[in-house]
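In what follows, a single structure is set out as structure tokens and then discussed.
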There are 2 protein chains.
Amino acid sequence: MNIAVLGTGAVGRAHAARLTALGHQVTVGTRDPEATLARVNADEMGNEPFAAWLKRHPGPTLAGFAEATRNADLVINATAGASSLGALREVGEEHLAGKVLIDTATPNDYTSPVAVPLLSPWGGPCPVLDPVATDSLAEQIQRAFPATHVVKAFNTVAAHLMADPASLGEAGHTMFLSGNDADAKGQVTKLLAAYGWKDIIDLGDLTTARATEMLQPLYLTLVRVLGHEHFNLRLIH
Amino acid sequence: MNIAVLGTGAVGRAHAARLTALGHQVTVGTRDPEATLARVNADEMGNEPFAAWLKRHPGPTLAGFAEATRNADLVINATAGASSLGALREVGEEHLAGKVLIDTATPNDYTSPVAVPLLSPWGGPCPVLDPVATDSLAEQIQRAFPATHVVKAFNTVAAHLMADPASLGEAGHTMFLSGNDADAKGQVTKLLAAYGWKDIIDLGDLTTARATEMLQPLYLTLVRVLGHEHFNLRLIH
């Protein structure tokens, strides 16, 4: 498949590398490819410059958001949640219509005036979810692009686990997905299985993305408690 | 120990029965004991009348909120989240000061004007969390009763699993707790161990109760997907 991965951070890189290894043609989308390739310092999350990463992970090509998505069979939103709607508008509705879009993002608001007494586990302000409880980023994207089949997935685990669940051991751990279109969820389930996910739970329509987006505070808290991001939840039933 | 269990619903009953079996002296608190004992029909959640339950589970006594708590060494809030602050005000600050209060409740708002497109798994409106994201019921209770040691626990699982985790099998599943006082959390951890909990994670101070209260939408969604409440999450790390 021809797959567009939107975003050049840890999530985008994890998917791009794994999809390339699985034999797919991957184009990574970014706002300004020249600027992305010109960066020489690690980003604020400690990721090495994209050009250095690309040298170590040959295969994916880099393009602007619209160009990356034009011929894609499948689109993965790996942009930061606060930027996702803007990035998708740059892609353009015409390049998203009729396609499956996997939304991996968390709607982290780092600029909320609400005082949050916790620092994030990485230092700096602790993000607040926006929207929360009565709406979700996935639903916002679906409303903005009604001809696109949005599936929420991957948003509950660290980037490296999204694409390589087996690295957390044999016992199995759970991936939740949400979406309004059964065929789209079927395609995403196939991709999850190819990545190595075994325990996949379809939560229902896209309103259930609220439930997994709202795992964000538990995720951040567990990073603080455990001191790492190599964890996930397993549904026992 | 002399333990006050506030609330006569499924959560209060599960704790009262288990604590009695463990040899504790349990007083169940309710707003109006005579009215509670006079009920002859199942409540809206399908629980049998309290008097019938009490006949099958001898040991606990029933008293008004204040009377039940006056001589308690430990207090368990098993009232519905929307009623918890009111119930605790009826208990009275003087009967809560200096004591450990385990808050098991979820701040479910069933009257929110926000239209939620999901019905609850039990039919009727789907509750919306209030507060959410930037505050929690546990913190509200702590602010209202600053001399009480509030510990959030039990709120992520069904009533029957709170008091009998072993019924979900040998593999183990996780109980999270939050609180500002280390000694209080130590007491609650001992109680959890007596109930049979093996995988107990201290998430940190009471602001982390936001994280576990925000599991409510995932819980409700999983009840819908699985068709039962006999499940929990296990932290794999």
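Residue numbering restarts at 1 for every chain of the structure tokens, chains are lettered A, B, ... in their displayed order, and ligands are numbered from 1 as they appear.
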Nearby residues (only C-alpha atoms) at most 10 Å from Pro146 of chain A, same-chain spacing under 5 positions excluded, as a VMD selection string:
chain A and resid 93 96 to 98 139 to 141
Export of the given selection (C-alpha atoms) as an mmCIF file, in the first residue's frame:
data_model
loop_
_atom_site.group_PDB
_atom_site.id
_atom_site.type_symbol
_atom_site.label_atom_id
_atom_site.label_comp_id
_atom_site.auth_asym_id
_atom_site.auth_seq_id
_atom_site.Cartn_x
_atom_site.Cartn_y
_atom_site.Cartn_z
ATOM 1 C CA GLU A 93 -10.423 17.603 1.955
ATOM 2 C CA LEU A 96 -8.746 12.736 2.320
ATOM 3 C CA ALA A 97 -12.208 12.015 0.895
ATOM 4 C CA GLY A 98 -13.104 8.335 0.736
ATOM 5 C CA GLU A 139 -14.953 13.293 16.367
ATOM 6 C CA GLN A 140 -13.754 16.818 15.558
ATOM 7 C CA ILE A 141 -11.727 15.411 12.667
#
Run DSSP on the backbone and grab whatever in segment 123-201 of chain B lands in alpha helix (DSSP H); send it over as a PyMOL selection string.
chain B and resi 137-144+159-163+182-195
Residues as selected, C-alpha atoms, written as a CSV table (one decimal), in the first residue's frame, can you do that?
chain,number,residue,atom,x,y,z
B,137,LEU,CA,-14.5,14.3,43.2
B,138,ALA,CA,-11.8,13.1,45.6
B,139,GLU,CA,-10.1,16.5,45.6
B,140,GLN,CA,-13.5,18.2,46.2
B,141,ILE,CA,-14.0,16.0,49.2
B,142,GLN,CA,-10.5,16.7,50.4
B,143,ARG,CA,-11.0,20.4,50.1
B,144,ALA,CA,-14.3,20.2,51.9
B,159,ALA,CA,-18.7,-3.4,43.1
B,160,HIS,CA,-18.4,-7.2,43.3
B,161,LEU,CA,-14.7,-7.0,42.1
B,162,MET,CA,-13.8,-4.3,44.6
B,163,ALA,CA,-14.3,-6.7,47.5
B,182,ALA,CA,1.4,8.1,53.0
B,183,ASP,CA,0.1,6.6,56.3
B,184,ALA,CA,-3.5,6.7,55.0
B,185,LYS,CA,-2.4,5.0,51.8
B,186,GLY,CA,-0.6,2.4,53.8
B,187,GLN,CA,-3.8,1.6,55.7
B,188,VAL,CA,-5.8,1.3,52.5
B,189,THR,CA,-3.1,-0.9,51.0
B,190,LYS,CA,-3.5,-3.3,53.9
B,191,LEU,CA,-7.2,-3.4,53.4
B,192,LEU,CA,-6.8,-4.0,49.7
B,193,ALA,CA,-4.4,-6.9,50.5
B,194,ALA,CA,-6.9,-8.3,52.9
B,195,TYR,CA,-9.5,-8.2,50.2
What are the closest atom pairs, with distances in Å to one decimal, for each residue of chain A lying within 7 Å of chain B, using only C-alpha atoms, rows by chain and rising residue number, as CSV?
residue,atom,partner,partner_atom,distance
A:Val116,CA,B:Thr134,CA,6.7
A:Val128,CA,B:Ala133,CA,6.7
A:Leu129,CA,B:Ala133,CA,6.8
A:Ala133,CA,B:Val128,CA,6.7
A:Thr134,CA,B:Val116,CA,6.7
A:Leu203,CA,B:Val225,CA,6.4
A:Thr208,CA,B:Thr221,CA,6.9
A:Ala211,CA,B:Leu218,CA,4.6
A:Thr212,CA,B:Leu218,CA,6.6
A:Met214,CA,B:Met214,CA,6.0
A:Leu215,CA,B:Leu215,CA,6.5
A:Pro217,CA,B:Ala211,CA,4.7
A:Leu218,CA,B:Ala211,CA,4.6
A:Thr221,CA,B:Leu203,CA,6.6
A:Val225,CA,B:Leu203,CA,6.4
A:His230,CA,B:His237,CA,6.1
A:Phe231,CA,B:His237,CA,4.3
A:Asn232,CA,B:Ile236,CA,5.4
A:Leu233,CA,B:Leu235,CA,4.7
A:Arg234,CA,B:Arg234,CA,5.0
A:Leu235,CA,B:Leu233,CA,4.7
A:Ile236,CA,B:Asn232,CA,5.4
A:His237,CA,B:Phe231,CA,4.3
Please dump the current selection as a PDB file, in the first residue's frame; keep N, CA and C atoms.
ATOM      1  N   VAL A 116      -2.747  23.691  36.409  1.00  0.00           N
ATOM      2  CA  VAL A 116      -2.649  22.282  36.731  1.00  0.00           C
ATOM      3  C   VAL A 116      -1.454  22.111  37.653  1.00  0.00           C
ATOM      4  N   VAL A 128      -3.605  19.602  29.450  1.00  0.00           N
ATOM      5  CA  VAL A 128      -5.001  19.348  29.793  1.00  0.00           C
ATOM      6  C   VAL A 128      -5.704  18.896  28.519  1.00  0.00           C
ATOM      7  N   LEU A 129      -6.594  17.921  28.628  1.00  0.00           N
ATOM      8  CA  LEU A 129      -7.338  17.466  27.453  1.00  0.00           C
ATOM      9  C   LEU A 129      -8.336  18.520  27.010  1.00  0.00           C
ATOM     10  N   ALA A 133     -14.493  14.561  27.549  1.00  0.00           N
ATOM     11  CA  ALA A 133     -15.749  14.060  28.142  1.00  0.00           C
ATOM     12  C   ALA A 133     -16.959  14.106  27.206  1.00  0.00           C
ATOM     13  N   THR A 134     -17.198  15.252  26.565  1.00  0.00           N
ATOM     14  CA  THR A 134     -18.400  15.342  25.726  1.00  0.00           C
ATOM     15  C   THR A 134     -18.060  15.463  24.239  1.00  0.00           C
ATOM     16  N   LEU A 203     -14.252  -0.793  20.244  1.00  0.00           N
ATOM     17  CA  LEU A 203     -15.107  -0.200  21.277  1.00  0.00           C
ATOM     18  C   LEU A 203     -16.443   0.277  20.732  1.00  0.00           C
ATOM     19  N   THR A 208     -16.771   6.654  21.115  1.00  0.00           N
ATOM     20  CA  THR A 208     -15.993   5.912  22.112  1.00  0.00           C
ATOM     21  C   THR A 208     -14.518   6.328  22.110  1.00  0.00           C
ATOM     22  N   ALA A 211     -13.384   7.845  25.293  1.00  0.00           N
ATOM     23  CA  ALA A 211     -12.930   6.957  26.375  1.00  0.00           C
ATOM     24  C   ALA A 211     -11.421   6.735  26.312  1.00  0.00           C
ATOM     25  N   THR A 212     -10.892   6.510  25.117  1.00  0.00           N
ATOM     26  CA  THR A 212      -9.447   6.233  25.048  1.00  0.00           C
ATOM     27  C   THR A 212      -8.634   7.521  25.113  1.00  0.00           C
ATOM     28  N   MET A 214      -9.364   9.888  26.971  1.00  0.00           N
ATOM     29  CA  MET A 214      -9.382  10.240  28.403  1.00  0.00           C
ATOM     30  C   MET A 214      -8.473   9.335  29.254  1.00  0.00           C
ATOM     31  N   LEU A 215      -7.776   8.413  28.605  1.00  0.00           N
ATOM     32  CA  LEU A 215      -6.728   7.675  29.316  1.00  0.00           C
ATOM     33  C   LEU A 215      -5.462   8.516  29.460  1.00  0.00           C
ATOM     34  N   PRO A 217      -4.568  11.211  31.220  1.00  0.00           N
ATOM     35  CA  PRO A 217      -4.021  11.501  32.554  1.00  0.00           C
ATOM     36  C   PRO A 217      -3.430  10.257  33.236  1.00  0.00           C
ATOM     37  N   LEU A 218      -4.062   9.096  33.043  1.00  0.00           N
ATOM     38  CA  LEU A 218      -3.494   7.875  33.630  1.00  0.00           C
ATOM     39  C   LEU A 218      -2.150   7.565  32.978  1.00  0.00           C
ATOM     40  N   THR A 221       0.457   9.904  34.354  1.00  0.00           N
ATOM     41  CA  THR A 221       0.733   9.556  35.743  1.00  0.00           C
ATOM     42  C   THR A 221       1.601   8.309  35.830  1.00  0.00           C
ATOM     43  N   VAL A 225       5.122   7.496  37.594  1.00  0.00           N
ATOM     44  CA  VAL A 225       5.290   6.454  38.624  1.00  0.00           C
ATOM     45  C   VAL A 225       6.354   5.434  38.207  1.00  0.00           C
ATOM     46  N   HIS A 230       7.386   2.238  28.746  1.00  0.00           N
ATOM     47  CA  HIS A 230       7.300   0.873  28.216  1.00  0.00           C
ATOM     48  C   HIS A 230       6.246   0.100  29.003  1.00  0.00           C
ATOM     49  N   PHE A 231       5.000   0.484  28.801  1.00  0.00           N
ATOM     50  CA  PHE A 231       3.906  -0.170  29.529  1.00  0.00           C
ATOM     51  C   PHE A 231       2.628  -0.056  28.703  1.00  0.00           C
ATOM     52  N   ASN A 232       1.675  -0.869  29.067  1.00  0.00           N
ATOM     53  CA  ASN A 232       0.329  -0.771  28.484  1.00  0.00           C
ATOM     54  C   ASN A 232      -0.634  -1.475  29.422  1.00  0.00           C
ATOM     55  N   LEU A 233      -1.917  -1.367  29.106  1.00  0.00           N
ATOM     56  CA  LEU A 233      -2.955  -2.023  29.881  1.00  0.00           C
ATOM     57  C   LEU A 233      -3.435  -3.258  29.138  1.00  0.00           C
ATOM     58  N   ARG A 234      -3.765  -4.285  29.900  1.00  0.00           N
ATOM     59  CA  ARG A 234      -4.365  -5.478  29.316  1.00  0.00           C
ATOM     60  C   ARG A 234      -5.765  -5.612  29.895  1.00  0.00           C
ATOM     61  N   LEU A 235      -6.727  -5.804  29.021  1.00  0.00           N
ATOM     62  CA  LEU A 235      -8.092  -6.024  29.504  1.00  0.00           C
ATOM     63  C   LEU A 235      -8.223  -7.473  29.940  1.00  0.00           C
ATOM     64  N   ILE A 236      -8.558  -7.659  31.209  1.00  0.00           N
ATOM     65  CA  ILE A 236      -8.789  -8.996  31.766  1.00  0.00           C
ATOM     66  C   ILE A 236     -10.297  -9.162  31.904  1.00  0.00           C
ATOM     67  N   HIS A 237     -10.839 -10.189  31.252  1.00  0.00           N
ATOM     68  CA  HIS A 237     -12.300 -10.386  31.341  1.00  0.00           C
ATOM     69  C   HIS A 237     -12.657 -11.841  31.161  1.00  0.00           C
TER      70      HIS A 237
END
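For the atom pair formed by atom CA of Asn71 of chain B and atom CA of Arg56 of chain B, the distance is 25.3 Å, given to one decimal.
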Please report the interatomic distance between atom CA of Ala147 of chain B and atom CA of Asn108 of chain B in Å with one decimal.
25.4 Å
Which neighbours of Val26 of chain A fall inside 10 Å, counting only C-alpha atoms, when residues of the same chain fewer than 3 positions from it are skipped, and could you give them as number ranges by chain?
A: 1-5, 15-20, 23, 29, 59-62, 68, 72, 74-75
Restricting the output to all heavy atoms, write the selected residues as a short mmCIF file (atom, residue, chain, number, x, y, z; two decimals), in the first residue's frame.
data_model
loop_
_atom_site.label_atom_id
_atom_site.label_comp_id
_atom_site.auth_asym_id
_atom_site.auth_seq_id
_atom_site.Cartn_x
_atom_site.Cartn_y
_atom_site.Cartn_z
N MET A 1 0.84 -1.21 0.00
CA MET A 1 0.00 0.00 0.00
C MET A 1 0.87 1.25 0.00
O MET A 1 2.00 1.24 0.46
CB MET A 1 -0.90 0.02 1.26
CG MET A 1 -2.13 -0.86 1.17
SD MET A 1 -3.46 -0.26 2.30
CE MET A 1 -2.70 -0.63 3.89
N ASN A 2 0.25 2.30 -0.50
CA ASN A 2 0.86 3.62 -0.45
C ASN A 2 0.27 4.33 0.78
O ASN A 2 -0.92 4.59 0.84
CB ASN A 2 0.48 4.36 -1.74
CG ASN A 2 1.27 5.63 -1.92
OD1 ASN A 2 1.69 6.23 -0.93
ND2 ASN A 2 1.46 6.03 -3.17
N ILE A 3 1.11 4.59 1.75
CA ILE A 3 0.61 5.10 3.04
C ILE A 3 1.22 6.45 3.37
O ILE A 3 2.45 6.63 3.28
CB ILE A 3 0.90 4.10 4.17
CG1 ILE A 3 0.21 2.74 3.86
CG2 ILE A 3 0.41 4.64 5.52
CD1 ILE A 3 0.44 1.66 4.89
N ALA A 4 0.36 7.41 3.70
CA ALA A 4 0.83 8.72 4.14
C ALA A 4 0.87 8.75 5.67
O ALA A 4 -0.13 8.45 6.32
CB ALA A 4 -0.10 9.82 3.63
N VAL A 5 2.02 9.10 6.22
CA VAL A 5 2.16 9.27 7.67
C VAL A 5 2.36 10.75 7.92
O VAL A 5 3.40 11.31 7.53
CB VAL A 5 3.35 8.46 8.22
CG1 VAL A 5 3.53 8.73 9.71
CG2 VAL A 5 3.14 6.96 7.98
N HIS A 15 5.79 4.62 12.96
CA HIS A 15 4.93 4.01 11.93
C HIS A 15 5.66 3.93 10.59
O HIS A 15 5.56 2.92 9.89
CB HIS A 15 3.64 4.83 11.78
CG HIS A 15 2.66 4.60 12.90
ND1 HIS A 15 1.82 3.53 12.94
CD2 HIS A 15 2.44 5.31 14.03
CE1 HIS A 15 1.09 3.58 14.06
NE2 HIS A 15 1.45 4.66 14.73
N ALA A 16 6.36 4.99 10.21
CA ALA A 16 7.04 5.00 8.92
C ALA A 16 8.06 3.87 8.82
O ALA A 16 8.13 3.16 7.80
CB ALA A 16 7.72 6.36 8.69
N ALA A 17 8.82 3.67 9.88
CA ALA A 17 9.84 2.62 9.85
C ALA A 17 9.19 1.23 9.78
O ALA A 17 9.61 0.37 9.00
CB ALA A 17 10.72 2.72 11.09
N ARG A 18 8.16 1.03 10.58
CA ARG A 18 7.52 -0.29 10.63
C ARG A 18 6.81 -0.60 9.32
O ARG A 18 6.88 -1.72 8.80
CB ARG A 18 6.52 -0.29 11.79
CG ARG A 18 5.84 -1.60 12.02
CD ARG A 18 6.77 -2.62 12.63
NE ARG A 18 6.02 -3.72 13.22
CZ ARG A 18 6.41 -4.99 13.18
NH1 ARG A 18 7.54 -5.33 12.60
NH2 ARG A 18 5.68 -5.93 13.75
N LEU A 19 6.11 0.40 8.77
CA LEU A 19 5.39 0.19 7.52
C LEU A 19 6.35 -0.09 6.38
O LEU A 19 6.08 -0.92 5.50
CB LEU A 19 4.53 1.42 7.20
CG LEU A 19 3.33 1.63 8.13
CD1 LEU A 19 2.74 3.02 7.96
CD2 LEU A 19 2.26 0.56 7.88
N THR A 20 7.48 0.60 6.38
CA THR A 20 8.50 0.35 5.36
C THR A 20 9.01 -1.09 5.47
O THR A 20 9.13 -1.81 4.46
CB THR A 20 9.66 1.35 5.52
OG1 THR A 20 9.15 2.68 5.40
CG2 THR A 20 10.74 1.12 4.46
N GLY A 23 6.94 -3.58 3.92
CA GLY A 23 6.86 -3.57 2.46
C GLY A 23 5.96 -2.50 1.86
O GLY A 23 5.73 -2.49 0.64
N GLY A 29 4.43 13.08 5.77
CA GLY A 29 3.99 14.45 5.47
C GLY A 29 4.40 15.42 6.56
O GLY A 29 4.33 15.10 7.74
N GLY A 59 13.98 4.54 3.00
CA GLY A 59 12.73 4.00 2.46
C GLY A 59 11.66 5.05 2.34
O GLY A 59 11.20 5.37 1.24
N PRO A 60 11.24 5.64 3.47
CA PRO A 60 10.20 6.67 3.38
C PRO A 60 10.69 7.90 2.63
O PRO A 60 11.88 8.23 2.68
CB PRO A 60 9.92 7.03 4.85
CG PRO A 60 10.45 5.89 5.65
CD PRO A 60 11.60 5.33 4.87
N THR A 61 9.77 8.55 1.96
CA THR A 61 10.09 9.86 1.38
C THR A 61 9.38 10.92 2.21
O THR A 61 8.44 10.64 2.94
CB THR A 61 9.63 9.94 -0.09
OG1 THR A 61 8.24 9.60 -0.14
CG2 THR A 61 10.41 8.98 -0.96
N LEU A 62 9.86 12.15 2.10
CA LEU A 62 9.28 13.26 2.85
C LEU A 62 8.63 14.22 1.86
O LEU A 62 9.19 14.51 0.80
CB LEU A 62 10.37 13.98 3.64
CG LEU A 62 9.89 15.08 4.60
CD1 LEU A 62 9.13 14.48 5.77
CD2 LEU A 62 11.08 15.89 5.12
N ALA A 68 2.03 14.49 0.23
CA ALA A 68 2.21 13.16 0.85
C ALA A 68 0.95 12.32 0.79
O ALA A 68 1.00 11.09 0.74
CB ALA A 68 2.64 13.33 2.31
N ALA A 72 -2.20 8.51 -1.49
CA ALA A 72 -2.19 7.51 -0.41
C ALA A 72 -3.45 6.66 -0.43
O ALA A 72 -4.54 7.14 -0.71
CB ALA A 72 -2.06 8.21 0.94
N LEU A 74 -4.02 4.96 2.42
CA LEU A 74 -4.31 5.00 3.86
C LEU A 74 -3.53 6.17 4.45
O LEU A 74 -2.39 6.42 4.03
CB LEU A 74 -3.85 3.68 4.51
CG LEU A 74 -3.94 3.55 6.03
CD1 LEU A 74 -5.39 3.46 6.49
CD2 LEU A 74 -3.16 2.31 6.50
N VAL A 75 -4.14 6.86 5.41
CA VAL A 75 -3.50 8.04 6.00
C VAL A 75 -3.43 7.84 7.52
O VAL A 75 -4.40 7.42 8.15
CB VAL A 75 -4.30 9.32 5.70
CG1 VAL A 75 -3.58 10.56 6.23
CG2 VAL A 75 -4.56 9.45 4.19
#
Contact residues around Phe154 of chain A with only C-alpha atoms at 7 Å, ignoring same-chain residues under 3 positions, as a PyMOL selection string
chain A and resi 104+157+162+175
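The residue that comes closest to Leu177 of chain B, out of B:Pro165, B:Trp197, B:Val151, B:Leu37 and on the basis of only C-alpha atoms, is B:Val151.
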Any idea what the distance is between atom CA of Ala82 of chain B and atom CA of Pro107 of chain B?
5.5 Å
